[in-house]
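Engineer: I'd like to ask some things about the structure below.
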Amino acid sequence: MAERSRRDGLWEHTCCEAFIEFEGGYYEFNLSPSGDWAVYQFTGYRAGACSPEIAAPVVQAHRNGDLWQLQAFIDLSDLPLLRHEQPWRMGLSAVLETKDGEKTYWALAHPSDKPDFHHPDSFALVLPAPELP
């Protein structure tokens, strides 16, 4: 088995993505069924990208017939821009690649004609402020 590591370009194949908004920007997490991962921090819509240092997420993928499931455990404590006293706006999405290389794009919301997971209106999930220990 290949070593699971941080890699760019995961969205070019099957990949799950999670976006979490913070005041002044958002984080993007890319999670591959192979266990590879990436995280990016943006200061605005597709602007000011950098790759913050975080502990490697634990990614587990399972397939059972037509059902495919990906679980990820991400330590968000290394991301100080996430505020814990207010609700989080999130976007959840996936790029699924078929055996013949065709890609389909899935998201909680597609606010424009073409899939654009970075679009602010794609952040359609609102979670209550997280409880900290």
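By order of appearance in the structure tokens: chains A, B, ..., then residues from 1 within every chain, and ligands from 1 in the order shown.
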Neighbouring residues of Tyr40 in chain A were defined as those with any atom within 7 Å, considering only C-alpha atoms; residues of the same chain fewer than 4 positions away were excluded. Please report them as number ranges by chain.

Structural biologist: A: 27-29, 49-52

Engineer: How would the residues just picked look written out with N, CA and C atoms as a PDB file, in the first residue's frame?

Structural biologist:
```pdb
ATOM      1  N   TYR A  27     -11.544  27.530   4.959  1.00  0.00           N
ATOM      2  CA  TYR A  27     -10.641  26.384   4.791  1.00  0.00           C
ATOM      3  C   TYR A  27     -11.283  25.403   3.824  1.00  0.00           C
ATOM      4  N   GLU A  28     -10.450  24.718   3.058  1.00  0.00           N
ATOM      5  CA  GLU A  28     -10.887  23.647   2.176  1.00  0.00           C
ATOM      6  C   GLU A  28     -10.108  22.391   2.546  1.00  0.00           C
ATOM      7  N   PHE A  29     -10.824  21.293   2.761  1.00  0.00           N
ATOM      8  CA  PHE A  29     -10.215  20.000   3.058  1.00  0.00           C
ATOM      9  C   PHE A  29     -10.526  19.064   1.906  1.00  0.00           C
ATOM     10  N   ALA A  49      -4.577  31.769  -1.350  1.00  0.00           N
ATOM     11  CA  ALA A  49      -4.441  30.375  -0.912  1.00  0.00           C
ATOM     12  C   ALA A  49      -3.084  30.103  -0.276  1.00  0.00           C
ATOM     13  N   CYS A  50      -3.123  29.346   0.799  1.00  0.00           N
ATOM     14  CA  CYS A  50      -1.916  28.798   1.410  1.00  0.00           C
ATOM     15  C   CYS A  50      -2.279  27.442   2.004  1.00  0.00           C
ATOM     16  N   SER A  51      -1.282  26.692   2.425  1.00  0.00           N
ATOM     17  CA  SER A  51      -1.501  25.355   2.994  1.00  0.00           C
ATOM     18  C   SER A  51      -1.049  25.345   4.441  1.00  0.00           C
ATOM     19  N   PRO A  52      -1.977  25.552   5.378  1.00  0.00           N
ATOM     20  CA  PRO A  52      -1.585  25.578   6.786  1.00  0.00           C
ATOM     21  C   PRO A  52      -1.121  24.203   7.259  1.00  0.00           C
TER      22      PRO A  52
END
```

Engineer: Would you pick out the contacts of range 95-109 of chain A at 12 Å or less, using only C-alpha atoms, so that residues sharing its chain but fewer than 2 positions from it are not included, and give the list as a JSON list (two decimals) with N, CA and C atoms, in the first residue's frame?

Structural biologist:
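Saved file result.json follows:
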```json
[["chain", "number", "residue", "atom", "x", "y", "z"],
["A", 9, "GLY", "N", -4.01, 18.39, -5.94],
["A", 9, "GLY", "CA", -4.68, 17.87, -7.12],
["A", 9, "GLY", "C", -5.62, 16.72, -6.87],
["A", 10, "LEU", "N", -6.02, 16.47, -5.63],
["A", 10, "LEU", "CA", -6.90, 15.33, -5.36],
["A", 10, "LEU", "C", -8.25, 15.47, -6.05],
["A", 11, "TRP", "N", -8.71, 16.71, -6.28],
["A", 11, "TRP", "CA", -10.01, 16.94, -6.93],
["A", 11, "TRP", "C", -10.01, 16.51, -8.39],
["A", 12, "GLU", "N", -8.87, 16.14, -8.93],
["A", 12, "GLU", "CA", -8.81, 15.68, -10.32],
["A", 12, "GLU", "C", -9.31, 14.24, -10.47],
["A", 13, "HIS", "N", -9.56, 13.58, -9.35],
["A", 13, "HIS", "CA", -10.09, 12.22, -9.33],
["A", 13, "HIS", "C", -11.14, 12.16, -8.22],
["A", 14, "THR", "N", -11.56, 10.98, -7.82],
["A", 14, "THR", "CA", -12.54, 10.88, -6.75],
["A", 14, "THR", "C", -11.99, 11.48, -5.47],
["A", 15, "CYS", "N", -12.79, 12.39, -4.90],
["A", 15, "CYS", "CA", -12.34, 13.15, -3.73],
["A", 15, "CYS", "C", -13.55, 13.75, -3.04],
["A", 16, "CYS", "N", -13.55, 13.70, -1.72],
["A", 16, "CYS", "CA", -14.56, 14.42, -0.94],
["A", 16, "CYS", "C", -13.94, 15.73, -0.46],
["A", 17, "GLU", "N", -14.77, 16.76, -0.40],
["A", 17, "GLU", "CA", -14.28, 18.06, 0.02],
["A", 17, "GLU", "C", -15.19, 18.63, 1.09],
["A", 18, "ALA", "N", -14.59, 19.32, 2.04],
["A", 18, "ALA", "CA", -15.33, 20.04, 3.08],
["A", 18, "ALA", "C", -14.76, 21.44, 3.15],
["A", 19, "PHE", "N", -15.65, 22.40, 3.24],
["A", 19, "PHE", "CA", -15.28, 23.80, 3.34],
["A", 19, "PHE", "C", -15.85, 24.35, 4.64],
["A", 30, "ASN", "N", -9.51, 18.42, 1.34],
["A", 30, "ASN", "CA", -9.67, 17.43, 0.28],
["A", 30, "ASN", "C", -9.29, 16.07, 0.86],
["A", 31, "LEU", "N", -10.15, 15.09, 0.68],
["A", 31, "LEU", "CA", -9.96, 13.77, 1.27],
["A", 31, "LEU", "C", -10.19, 12.70, 0.21],
["A", 32, "SER", "N", -9.18, 11.90, -0.04],
["A", 32, "SER", "CA", -9.23, 10.89, -1.09],
["A", 32, "SER", "C", -9.48, 9.50, -0.49],
["A", 33, "PRO", "N", -10.16, 8.62, -1.23],
["A", 33, "PRO", "CA", -10.34, 7.25, -0.76],
["A", 33, "PRO", "C", -9.01, 6.53, -0.50],
["A", 68, "TRP", "N", -20.58, 3.67, -1.33],
["A", 68, "TRP", "CA", -19.21, 4.11, -1.04],
["A", 68, "TRP", "C", -19.28, 5.09, 0.11],
["A", 90, "MET", "N", -20.71, 25.68, 6.39],
["A", 90, "MET", "CA", -19.88, 24.67, 5.73],
["A", 90, "MET", "C", -20.45, 24.31, 4.37],
["A", 91, "GLY", "N", -19.56, 23.84, 3.52],
["A", 91, "GLY", "CA", -19.95, 23.22, 2.26],
["A", 91, "GLY", "C", -19.40, 21.81, 2.22],
["A", 92, "LEU", "N", -20.21, 20.87, 1.79],
["A", 92, "LEU", "CA", -19.77, 19.48, 1.63],
["A", 92, "LEU", "C", -19.98, 19.10, 0.18],
["A", 93, "SER", "N", -18.98, 18.48, -0.42],
["A", 93, "SER", "CA", -19.06, 18.16, -1.83],
["A", 93, "SER", "C", -18.18, 16.96, -2.17],
["A", 111, "PRO", "N", -24.93, 26.73, -6.58],
["A", 111, "PRO", "CA", -25.55, 28.04, -6.80],
["A", 111, "PRO", "C", -25.30, 28.65, -8.18],
["A", 112, "SER", "N", -24.48, 28.02, -9.01],
["A", 112, "SER", "CA", -24.23, 28.58, -10.35],
["A", 112, "SER", "C", -24.40, 27.48, -11.40],
["A", 113, "ASP", "N", -24.29, 27.86, -12.67],
["A", 113, "ASP", "CA", -24.50, 26.90, -13.77],
["A", 113, "ASP", "C", -23.51, 25.75, -13.73],
["A", 114, "LYS", "N", -22.25, 26.05, -13.38],
["A", 114, "LYS", "CA", -21.21, 25.03, -13.33],
["A", 114, "LYS", "C", -20.88, 24.73, -11.87],
["A", 115, "PRO", "N", -20.44, 23.51, -11.58],
["A", 115, "PRO", "CA", -20.05, 23.20, -10.20],
["A", 115, "PRO", "C", -18.94, 24.15, -9.73],
["A", 116, "ASP", "N", -19.16, 24.79, -8.63],
["A", 116, "ASP", "CA", -18.18, 25.70, -8.04],
["A", 116, "ASP", "C", -18.29, 25.58, -6.53],
["A", 117, "PHE", "N", -17.53, 24.65, -5.98],
["A", 117, "PHE", "CA", -17.62, 24.37, -4.56],
["A", 117, "PHE", "C", -17.12, 25.52, -3.70],
["A", 118, "HIS", "N", -16.36, 26.44, -4.28],
["A", 118, "HIS", "CA", -15.83, 27.60, -3.55],
["A", 118, "HIS", "C", -16.84, 28.75, -3.46],
["A", 119, "HIS", "N", -17.90, 28.69, -4.23],
["A", 119, "HIS", "CA", -18.90, 29.76, -4.24],
["A", 119, "HIS", "C", -19.47, 29.93, -2.82],
["A", 120, "PRO", "N", -19.55, 31.14, -2.30],
["A", 120, "PRO", "CA", -20.04, 31.35, -0.93],
["A", 120, "PRO", "C", -21.42, 30.73, -0.66],
["A", 121, "ASP", "N", -22.29, 30.71, -1.67],
["A", 121, "ASP", "CA", -23.61, 30.12, -1.47],
["A", 121, "ASP", "C", -23.59, 28.60, -1.45],
["A", 122, "SER", "N", -22.42, 27.99, -1.74],
["A", 122, "SER", "CA", -22.27, 26.54, -1.61],
["A", 122, "SER", "C", -22.13, 26.13, -0.14],
["A", 123, "PHE", "N", -21.82, 27.08, 0.71],
["A", 123, "PHE", "CA", -21.65, 26.80, 2.14],
["A", 123, "PHE", "C", -23.05, 26.78, 2.76],
["A", 124, "ALA", "N", -23.80, 25.73, 2.46],
["A", 124, "ALA", "CA", -25.22, 25.67, 2.77],
["A", 124, "ALA", "C", -25.54, 24.99, 4.10],
["A", 125, "LEU", "N", -24.55, 24.38, 4.73],
["A", 125, "LEU", "CA", -24.76, 23.69, 6.00],
["A", 125, "LEU", "C", -24.32, 24.61, 7.13],
["A", 126, "VAL", "N", -25.21, 24.82, 8.10],
["A", 126, "VAL", "CA", -24.88, 25.64, 9.26],
["A", 126, "VAL", "C", -24.93, 24.74, 10.49]]
```

Engineer: Taking only chain A into account, list the residues labelled strand (DSSP E or B) by DSSP (computed from the backbone), as an mmCIF file with N, CA and C atoms, in the first residue's frame.

Structural biologist:
```
data_model
loop_
_atom_site.group_PDB
_atom_site.id
_atom_site.type_symbol
_atom_site.label_atom_id
_atom_site.label_comp_id
_atom_site.auth_asym_id
_atom_site.auth_seq_id
_atom_site.Cartn_x
_atom_site.Cartn_y
_atom_site.Cartn_z
ATOM 1 N N ARG A 6 -0.049 14.086 2.325
ATOM 2 C CA ARG A 6 -0.607 15.344 1.833
ATOM 3 C C ARG A 6 -0.260 15.455 0.353
ATOM 4 N N CYS A 15 -12.788 12.391 -4.902
ATOM 5 C CA CYS A 15 -12.337 13.150 -3.735
ATOM 6 C C CYS A 15 -13.553 13.748 -3.037
ATOM 7 N N CYS A 16 -13.549 13.704 -1.721
ATOM 8 C CA CYS A 16 -14.557 14.422 -0.939
ATOM 9 C C CYS A 16 -13.944 15.726 -0.459
ATOM 10 N N GLU A 17 -14.767 16.755 -0.398
ATOM 11 C CA GLU A 17 -14.278 18.065 0.017
ATOM 12 C C GLU A 17 -15.194 18.633 1.090
ATOM 13 N N ALA A 18 -14.587 19.316 2.042
ATOM 14 C CA ALA A 18 -15.334 20.039 3.075
ATOM 15 C C ALA A 18 -14.764 21.441 3.147
ATOM 16 N N PHE A 19 -15.654 22.404 3.237
ATOM 17 C CA PHE A 19 -15.278 23.805 3.338
ATOM 18 C C PHE A 19 -15.853 24.350 4.639
ATOM 19 N N ILE A 20 -15.044 25.084 5.385
ATOM 20 C CA ILE A 20 -15.522 25.725 6.610
ATOM 21 C C ILE A 20 -15.159 27.197 6.538
ATOM 22 N N GLU A 21 -16.173 28.032 6.653
ATOM 23 C CA GLU A 21 -15.978 29.477 6.583
ATOM 24 C C GLU A 21 -15.518 30.018 7.932
ATOM 25 N N PHE A 22 -14.644 31.005 7.897
ATOM 26 C CA PHE A 22 -14.283 31.771 9.096
ATOM 27 C C PHE A 22 -14.299 33.241 8.715
ATOM 28 N N GLY A 25 -12.429 34.507 5.469
ATOM 29 C CA GLY A 25 -11.984 33.469 4.547
ATOM 30 C C GLY A 25 -12.620 32.127 4.826
ATOM 31 N N TYR A 26 -11.938 31.080 4.364
ATOM 32 C CA TYR A 26 -12.442 29.728 4.572
ATOM 33 C C TYR A 26 -11.310 28.716 4.413
ATOM 34 N N TYR A 27 -11.544 27.530 4.959
ATOM 35 C CA TYR A 27 -10.641 26.384 4.791
ATOM 36 C C TYR A 27 -11.283 25.403 3.824
ATOM 37 N N GLU A 28 -10.450 24.718 3.058
ATOM 38 C CA GLU A 28 -10.887 23.647 2.176
ATOM 39 C C GLU A 28 -10.108 22.391 2.546
ATOM 40 N N PHE A 29 -10.824 21.293 2.761
ATOM 41 C CA PHE A 29 -10.215 20.000 3.058
ATOM 42 C C PHE A 29 -10.526 19.064 1.906
ATOM 43 N N ASN A 30 -9.510 18.424 1.336
ATOM 44 C CA ASN A 30 -9.670 17.427 0.279
ATOM 45 C C ASN A 30 -9.293 16.072 0.861
ATOM 46 N N LEU A 31 -10.152 15.090 0.679
ATOM 47 C CA LEU A 31 -9.957 13.767 1.270
ATOM 48 C C LEU A 31 -10.195 12.703 0.207
ATOM 49 N N TRP A 37 -4.665 13.401 1.444
ATOM 50 C CA TRP A 37 -5.439 14.542 1.918
ATOM 51 C C TRP A 37 -4.724 15.843 1.588
ATOM 52 N N ALA A 38 -5.460 16.943 1.714
ATOM 53 C CA ALA A 38 -4.880 18.280 1.574
ATOM 54 C C ALA A 38 -5.771 19.252 2.335
ATOM 55 N N VAL A 39 -5.187 20.342 2.776
ATOM 56 C CA VAL A 39 -5.956 21.432 3.388
ATOM 57 C C VAL A 39 -5.412 22.743 2.845
ATOM 58 N N TYR A 40 -6.328 23.654 2.557
ATOM 59 C CA TYR A 40 -5.969 24.972 2.033
ATOM 60 C C TYR A 40 -6.716 26.029 2.836
ATOM 61 N N GLN A 41 -6.090 27.169 2.978
ATOM 62 C CA GLN A 41 -6.720 28.318 3.622
ATOM 63 C C GLN A 41 -6.821 29.422 2.575
ATOM 64 N N PHE A 42 -8.003 30.030 2.462
ATOM 65 C CA PHE A 42 -8.236 31.114 1.511
ATOM 66 C C PHE A 42 -8.650 32.371 2.271
ATOM 67 N N GLY A 44 -10.318 34.793 0.669
ATOM 68 C CA GLY A 44 -11.531 35.198 -0.022
ATOM 69 C C GLY A 44 -11.818 34.196 -1.109
ATOM 70 N N ALA A 47 -9.038 33.130 -3.384
ATOM 71 C CA ALA A 47 -7.945 34.107 -3.275
ATOM 72 C C ALA A 47 -7.093 33.837 -2.044
ATOM 73 N N CYS A 50 -3.123 29.346 0.799
ATOM 74 C CA CYS A 50 -1.916 28.798 1.410
ATOM 75 C C CYS A 50 -2.279 27.442 2.004
ATOM 76 N N VAL A 58 -7.138 11.301 9.662
ATOM 77 C CA VAL A 58 -7.309 9.863 9.496
ATOM 78 C C VAL A 58 -8.478 9.688 8.527
ATOM 79 N N VAL A 59 -8.206 9.091 7.377
ATOM 80 C CA VAL A 59 -9.214 8.927 6.335
ATOM 81 C C VAL A 59 -9.437 7.439 6.120
ATOM 82 N N GLN A 60 -10.704 7.027 6.164
ATOM 83 C CA GLN A 60 -11.061 5.629 5.942
ATOM 84 C C GLN A 60 -12.152 5.582 4.883
ATOM 85 N N ALA A 61 -11.945 4.786 3.854
ATOM 86 C CA ALA A 61 -12.941 4.625 2.798
ATOM 87 C C ALA A 61 -13.403 3.174 2.770
ATOM 88 N N HIS A 62 -14.710 2.996 2.547
ATOM 89 C CA HIS A 62 -15.306 1.665 2.500
ATOM 90 C C HIS A 62 -16.245 1.600 1.311
ATOM 91 N N ARG A 63 -16.218 0.457 0.629
ATOM 92 C CA ARG A 63 -17.144 0.245 -0.480
ATOM 93 C C ARG A 63 -17.845 -1.080 -0.275
ATOM 94 N N ASN A 64 -19.160 -1.037 -0.477
ATOM 95 C CA ASN A 64 -19.973 -2.237 -0.376
ATOM 96 C C ASN A 64 -20.967 -2.192 -1.532
ATOM 97 N N LEU A 67 -22.539 1.177 -2.709
ATOM 98 C CA LEU A 67 -22.397 2.135 -1.606
ATOM 99 C C LEU A 67 -20.927 2.417 -1.355
ATOM 100 N N TRP A 68 -20.582 3.674 -1.326
ATOM 101 C CA TRP A 68 -19.213 4.108 -1.041
ATOM 102 C C TRP A 68 -19.276 5.088 0.113
ATOM 103 N N GLN A 69 -18.465 4.879 1.123
ATOM 104 C CA GLN A 69 -18.489 5.712 2.322
ATOM 105 C C GLN A 69 -17.073 6.158 2.657
ATOM 106 N N LEU A 70 -16.927 7.421 2.993
ATOM 107 C CA LEU A 70 -15.645 7.957 3.425
ATOM 108 C C LEU A 70 -15.843 8.621 4.774
ATOM 109 N N GLN A 71 -14.991 8.277 5.730
ATOM 110 C CA GLN A 71 -14.984 8.907 7.051
ATOM 111 C C GLN A 71 -13.637 9.576 7.244
ATOM 112 N N ALA A 72 -13.678 10.747 7.836
ATOM 113 C CA ALA A 72 -12.431 11.458 8.107
ATOM 114 C C ALA A 72 -12.485 12.033 9.506
ATOM 115 N N PHE A 73 -11.362 11.933 10.176
ATOM 116 C CA PHE A 73 -11.208 12.499 11.512
ATOM 117 C C PHE A 73 -10.105 13.543 11.412
ATOM 118 N N TRP A 88 -20.911 27.467 12.514
ATOM 119 C CA TRP A 88 -20.025 27.300 11.365
ATOM 120 C C TRP A 88 -20.866 27.132 10.109
ATOM 121 N N ARG A 89 -20.507 27.867 9.047
ATOM 122 C CA ARG A 89 -21.079 27.662 7.722
ATOM 123 C C ARG A 89 -20.132 26.745 6.969
ATOM 124 N N MET A 90 -20.709 25.682 6.394
ATOM 125 C CA MET A 90 -19.883 24.673 5.733
ATOM 126 C C MET A 90 -20.449 24.306 4.366
ATOM 127 N N GLY A 91 -19.564 23.835 3.522
ATOM 128 C CA GLY A 91 -19.951 23.222 2.265
ATOM 129 C C GLY A 91 -19.400 21.808 2.225
ATOM 130 N N LEU A 92 -20.209 20.869 1.786
ATOM 131 C CA LEU A 92 -19.774 19.481 1.631
ATOM 132 C C LEU A 92 -19.984 19.098 0.178
ATOM 133 N N SER A 93 -18.977 18.480 -0.418
ATOM 134 C CA SER A 93 -19.057 18.163 -1.834
ATOM 135 C C SER A 93 -18.184 16.959 -2.166
ATOM 136 N N ALA A 94 -18.373 16.460 -3.376
ATOM 137 C CA ALA A 94 -17.571 15.322 -3.830
ATOM 138 C C ALA A 94 -17.410 15.367 -5.339
ATOM 139 N N VAL A 95 -16.245 14.950 -5.779
ATOM 140 C CA VAL A 95 -15.981 14.686 -7.195
ATOM 141 C C VAL A 95 -15.884 13.166 -7.295
ATOM 142 N N LEU A 96 -16.715 12.580 -8.145
ATOM 143 C CA LEU A 96 -16.697 11.130 -8.327
ATOM 144 C C LEU A 96 -16.299 10.827 -9.759
ATOM 145 N N GLU A 97 -15.260 10.015 -9.909
ATOM 146 C CA GLU A 97 -14.750 9.649 -11.226
ATOM 147 C C GLU A 97 -15.157 8.222 -11.537
ATOM 148 N N LYS A 103 -16.238 12.503 -14.851
ATOM 149 C CA LYS A 103 -16.388 13.029 -13.497
ATOM 150 C C LYS A 103 -17.786 13.592 -13.294
ATOM 151 N N THR A 104 -18.330 13.337 -12.109
ATOM 152 C CA THR A 104 -19.581 13.960 -11.702
ATOM 153 C C THR A 104 -19.291 14.770 -10.443
ATOM 154 N N TYR A 105 -20.091 15.816 -10.250
ATOM 155 C CA TYR A 105 -19.848 16.766 -9.158
ATOM 156 C C TYR A 105 -21.096 16.850 -8.290
ATOM 157 N N TRP A 106 -20.901 16.621 -6.995
ATOM 158 C CA TRP A 106 -22.003 16.561 -6.036
ATOM 159 C C TRP A 106 -21.747 17.567 -4.931
ATOM 160 N N ALA A 107 -22.812 18.230 -4.489
ATOM 161 C CA ALA A 107 -22.678 19.202 -3.408
ATOM 162 C C ALA A 107 -24.028 19.420 -2.752
ATOM 163 N N LEU A 125 -24.553 24.379 4.731
ATOM 164 C CA LEU A 125 -24.757 23.692 5.999
ATOM 165 C C LEU A 125 -24.323 24.614 7.133
ATOM 166 N N VAL A 126 -25.211 24.821 8.100
ATOM 167 C CA VAL A 126 -24.875 25.639 9.261
ATOM 168 C C VAL A 126 -24.928 24.736 10.489
ATOM 169 N N LEU A 127 -23.780 24.638 11.170
ATOM 170 C CA LEU A 127 -23.703 23.823 12.384
ATOM 171 C C LEU A 127 -23.648 24.727 13.600
#
```

Engineer: Just give me the gap between CA of Glu23 in chain A and CA of Leu79 in chain A in Å, one decimal is fine.

Structural biologist: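 Computed distance, CA of Glu23 in chain A to CA of Leu79 in chain A, equals 12.6 Å.
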
Engineer: Pick from A:Ser5, A:Ser34, A:Thr43, A:Gln86: nearest to Glu131 in chain A, with only C-alpha atoms counted?

Structural biologist: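 The answer is A:Gln86, which sits nearest to Glu131 in chain A.
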
Engineer: What's the separation between CA of Gly48 in chain A and CA of Gly24 in chain A, in Å to one decimal place?

Structural biologist: 10.8 Å
